[in-house]
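Remarks on the structure that follows.
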Amino acid sequence: MALLYRFAQLPDRSGTRVFSFVVTRSVVRDPERDVTSKELVCGFQRWAVAFSRGDKPCSRVSNSKQRSCSLSDRQVLGVYLVWRGAAPGLRVYVDFTFTLLNREHFSSNEGFSGKRVKFTYEAPAQGNRSYISVADLYSRNFADPNGEFQLELSMANVRTVFTSEVSMSQFILHISLYNYTLYIIHYNSS
């Protein structure tokens with residue numbers, strides 16, 4: 001479970017919002033269970049954070065054909081930003097950063113980011129499927145002895161684009177999108 005415990009809106013031009021989560025040990029312990037946060041709103045869109053577990057292939061040792069890592073070293077944790085309002089014709093572009101907070105010192109934080117990442121109806125989730133190995137969560141002091149860790153999501157420059165093809169002849173088309181109303185009047189000259 002990912003519990004939102006802090007929200008901050010920064011006073012900048014990008015409209016940056018920082019969401020801080022406490023992630024419980026069920027993310028690491030139970031690989032069969034999908035863990036998704038509650039919905040959050042940013043840029044007039046609904047979002048969630050989702051976690052996945054998987055195995056990454058081990059690299060081979062140069063002098064031997066044995067694998068260089070154990071099963072626990074191969075297990076990786078993935079994290080995704082999921083757009084909950086996906087619909088045909090809509091796409092959203094957003095700058096986002098996930099930061100795994102180190103318990104000892106901020107210089108050891110682990111993060112990844114994306115600029116102008118495109119979310120569509122066909123691809124509503126974007127992230128990193130091998131963000132960090134489960135073994136590193138403990139050995140590098142991200143997780144506490146209970147298996148809980150802190151994750152921050154920073155989002156900025158959220159831009160929503162709506163596209164649609166409209167064919168018409170001699171009628172008035174009324175489109176209402178959120179708080180904006182668009183009237184298209186077309187008269188056939190023949």
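Residues in the structure tokens are numbered from 1 in each chain, the chains being A, B, ... in the order shown, and ligands are numbered from 1 in the order shown.
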Within 8 Å of A:Ala125 using only C-alpha atoms, minus same-chain residues under 3 positions, as a ChimeraX atom specification: /A:80-83,119
May I have the selected residues written with all heavy atoms, as a PDB file, in the first residue's frame?
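Result written to selection_33.pdb:
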ATOM      1  N   TYR A  80       5.383   3.281 -11.465  1.00  0.00           N
ATOM      2  CA  TYR A  80       4.744   3.901 -12.625  1.00  0.00           C
ATOM      3  C   TYR A  80       3.818   5.020 -12.192  1.00  0.00           C
ATOM      4  O   TYR A  80       3.175   4.931 -11.152  1.00  0.00           O
ATOM      5  CB  TYR A  80       3.901   2.872 -13.390  1.00  0.00           C
ATOM      6  CG  TYR A  80       4.683   1.690 -13.878  1.00  0.00           C
ATOM      7  CD1 TYR A  80       4.835   0.562 -13.085  1.00  0.00           C
ATOM      8  CD2 TYR A  80       5.275   1.698 -15.137  1.00  0.00           C
ATOM      9  CE1 TYR A  80       5.552  -0.524 -13.522  1.00  0.00           C
ATOM     10  CE2 TYR A  80       5.991   0.611 -15.585  1.00  0.00           C
ATOM     11  CZ  TYR A  80       6.131  -0.495 -14.775  1.00  0.00           C
ATOM     12  OH  TYR A  80       6.854  -1.566 -15.219  1.00  0.00           O
ATOM     13  N   LEU A  81       3.707   6.033 -13.040  1.00  0.00           N
ATOM     14  CA  LEU A  81       2.695   7.056 -12.895  1.00  0.00           C
ATOM     15  C   LEU A  81       1.571   6.656 -13.844  1.00  0.00           C
ATOM     16  O   LEU A  81       1.809   6.415 -15.033  1.00  0.00           O
ATOM     17  CB  LEU A  81       3.257   8.429 -13.268  1.00  0.00           C
ATOM     18  CG  LEU A  81       2.311   9.612 -13.155  1.00  0.00           C
ATOM     19  CD1 LEU A  81       1.781   9.767 -11.732  1.00  0.00           C
ATOM     20  CD2 LEU A  81       3.001  10.891 -13.600  1.00  0.00           C
ATOM     21  N   VAL A  82       0.361   6.548 -13.307  1.00  0.00           N
ATOM     22  CA  VAL A  82      -0.780   6.059 -14.085  1.00  0.00           C
ATOM     23  C   VAL A  82      -1.816   7.174 -14.214  1.00  0.00           C
ATOM     24  O   VAL A  82      -2.271   7.731 -13.214  1.00  0.00           O
ATOM     25  CB  VAL A  82      -1.429   4.831 -13.406  1.00  0.00           C
ATOM     26  CG1 VAL A  82      -2.586   4.311 -14.235  1.00  0.00           C
ATOM     27  CG2 VAL A  82      -0.397   3.741 -13.168  1.00  0.00           C
ATOM     28  N   TRP A  83      -2.196   7.481 -15.453  1.00  0.00           N
ATOM     29  CA  TRP A  83      -3.218   8.472 -15.737  1.00  0.00           C
ATOM     30  C   TRP A  83      -4.571   7.785 -15.672  1.00  0.00           C
ATOM     31  O   TRP A  83      -4.865   6.881 -16.441  1.00  0.00           O
ATOM     32  CB  TRP A  83      -2.975   9.071 -17.111  1.00  0.00           C
ATOM     33  CG  TRP A  83      -3.964  10.082 -17.565  1.00  0.00           C
ATOM     34  CD1 TRP A  83      -4.641  10.978 -16.804  1.00  0.00           C
ATOM     35  CD2 TRP A  83      -4.376  10.311 -18.911  1.00  0.00           C
ATOM     36  NE1 TRP A  83      -5.442  11.757 -17.595  1.00  0.00           N
ATOM     37  CE2 TRP A  83      -5.304  11.368 -18.890  1.00  0.00           C
ATOM     38  CE3 TRP A  83      -4.044   9.736 -20.121  1.00  0.00           C
ATOM     39  CZ2 TRP A  83      -5.911  11.848 -20.041  1.00  0.00           C
ATOM     40  CZ3 TRP A  83      -4.634  10.216 -21.265  1.00  0.00           C
ATOM     41  CH2 TRP A  83      -5.558  11.257 -21.219  1.00  0.00           C
ATOM     42  N   PHE A 119       1.151  10.677 -22.111  1.00  0.00           N
ATOM     43  CA  PHE A 119       0.187   9.688 -21.630  1.00  0.00           C
ATOM     44  C   PHE A 119      -0.995   9.700 -22.591  1.00  0.00           C
ATOM     45  O   PHE A 119      -1.518  10.773 -22.907  1.00  0.00           O
ATOM     46  CB  PHE A 119      -0.297  10.034 -20.218  1.00  0.00           C
ATOM     47  CG  PHE A 119       0.762   9.897 -19.174  1.00  0.00           C
ATOM     48  CD1 PHE A 119       1.695  10.900 -18.972  1.00  0.00           C
ATOM     49  CD2 PHE A 119       0.830   8.755 -18.380  1.00  0.00           C
ATOM     50  CE1 PHE A 119       2.676  10.775 -18.005  1.00  0.00           C
ATOM     51  CE2 PHE A 119       1.795   8.632 -17.405  1.00  0.00           C
ATOM     52  CZ  PHE A 119       2.725   9.636 -17.223  1.00  0.00           C
TER      53      PHE A 119
END
Cut-off 9 Å: closest stretch 57-171 of chain A/stretch 4-21 of chain A atom pairs per residue, using only C-alpha atoms, as a tab-separated table:
residue	atom	partner	partner_atom	distance
A:Phe149	CA	A:Phe21	CA	8.3
A:Gln150	CA	A:Phe21	CA	5.6
A:Leu151	CA	A:Phe21	CA	5.2
A:Glu152	CA	A:Ser20	CA	4.4
A:Leu153	CA	A:Phe19	CA	5.1
A:Ser154	CA	A:Val18	CA	4.4
A:Met155	CA	A:Arg17	CA	5.4
A:Ala156	CA	A:Thr16	CA	4.3
A:Asn157	CA	A:Ser14	CA	4.9
A:Val158	CA	A:Gly15	CA	8.0
Could those selected residues go to a file with N, CA and C atoms, as a short mmCIF file (atom, residue, chain, number, x, y, z; two decimals), in the first residue's frame?
data_model
loop_
_atom_site.label_atom_id
_atom_site.label_comp_id
_atom_site.auth_asym_id
_atom_site.auth_seq_id
_atom_site.Cartn_x
_atom_site.Cartn_y
_atom_site.Cartn_z
N PHE A 149 9.23 2.23 3.15
CA PHE A 149 10.14 3.24 2.61
C PHE A 149 9.33 4.43 2.11
N GLN A 150 10.03 5.53 1.83
CA GLN A 150 9.37 6.76 1.40
C GLN A 150 9.70 7.04 -0.06
N LEU A 151 8.66 7.45 -0.79
CA LEU A 151 8.79 7.76 -2.21
C LEU A 151 8.13 9.11 -2.46
N GLU A 152 8.83 9.97 -3.21
CA GLU A 152 8.26 11.26 -3.58
C GLU A 152 8.00 11.29 -5.07
N LEU A 153 6.87 11.87 -5.43
CA LEU A 153 6.52 12.09 -6.83
C LEU A 153 6.39 13.59 -7.03
N SER A 154 7.15 14.12 -7.97
CA SER A 154 7.07 15.53 -8.31
C SER A 154 6.49 15.63 -9.72
N MET A 155 5.47 16.47 -9.89
CA MET A 155 4.84 16.64 -11.20
C MET A 155 4.80 18.13 -11.54
N ALA A 156 5.08 18.45 -12.81
CA ALA A 156 5.07 19.84 -13.25
C ALA A 156 4.71 19.90 -14.74
N ASN A 157 4.35 21.08 -15.18
CA ASN A 157 4.05 21.34 -16.59
C ASN A 157 3.05 20.35 -17.18
N VAL A 158 1.94 20.15 -16.51
CA VAL A 158 0.91 19.24 -16.99
C VAL A 158 0.14 19.94 -18.10
#
Computed interatomic separation between atom CA of A:Thr160 and atom CA of A:Lys118 (Å):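 Going from atom CA of A:Thr160 over to atom CA of A:Lys118, I get 9.8 Å.
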Nearest to A:Ser164 by atom-to-atom distance, counting only C-alpha atoms, from A:Gln75, A:Met1, A:Ala87, A:Arg53: A:Ala87
Nearest to A:Leu40 by atom-to-atom distance, counting only C-alpha atoms, from A:Glu122, A:Asp144, A:Gly78, A:Gly85: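 Of A:Glu122, A:Asp144, A:Gly78, A:Gly85, the one nearest A:Leu40, counting only C-alpha atoms, is A:Gly85.
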A:Glu110 environment, 10 Å, only C-alpha atoms, sequence neighbours closer than 4 positions dropped, as a list in words: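 Within the cut-off, the hits are Phe98, Thr99, Leu100, Leu101, Asn102, Phe106, Tyr131, Ile132, Phe142 and Leu151 of chain A.
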Straight-line distance linking atom CA of A:Arg159 with atom CA of A:Pro124, stated in Å to one decimal: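 Value for the atom CA of A:Arg159-atom CA of A:Pro124 distance: 14.5 Å.
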Contacts of A:Ser37 at 6 Å (only C-alpha atoms; same-chain gap of 5+ positions) as a list in words: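 My reading of the contact set: Ala2, Ala48 and Val49 of chain A.
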Write the residues of the preceding selection, restricted to N, CA and C atoms, as a PDB file, in the first residue's frame.
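Result saved to part_5.pdb:
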ATOM      1  N   ALA A   2       0.491   2.230  -0.775  1.00  0.00           N
ATOM      2  CA  ALA A   2       1.211   3.494  -0.822  1.00  0.00           C
ATOM      3  C   ALA A   2       0.310   4.568  -0.223  1.00  0.00           C
ATOM      4  N   ALA A  48      -2.446   8.106 -10.340  1.00  0.00           N
ATOM      5  CA  ALA A  48      -2.137   7.171  -9.263  1.00  0.00           C
ATOM      6  C   ALA A  48      -0.701   6.698  -9.460  1.00  0.00           C
ATOM      7  N   VAL A  49      -0.126   6.180  -8.399  1.00  0.00           N
ATOM      8  CA  VAL A  49       1.205   5.574  -8.457  1.00  0.00           C
ATOM      9  C   VAL A  49       1.024   4.067  -8.309  1.00  0.00           C
TER      10      VAL A  49
END
Between atom CA of A:Lys56 and atom CA of A:Glu39 - distance in Å to one decimal: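 If I compute the distance from atom CA of A:Glu39 to atom CA of A:Lys56, I get 29.0 Å.
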Expected answer as a VMD selection string: strand (DSSP E or B) residues in stretch 60-134 of chain A: chain A and resid 60 67 75 to 83 90 to 101 110 to 120 125 to 133
Selected residue, from A:Val76, A:Val161, A:Val27, A:Val92, that lies nearest to A:Ser130 when counting only C-alpha atoms: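 Distance minimum relative to A:Ser130 lands on A:Val76.
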A:Arg33, A:Arg116, A:Arg103, A:Arg91 ranked by distance to A:Gln45, top pick (using only C-alpha atoms): A:Arg91
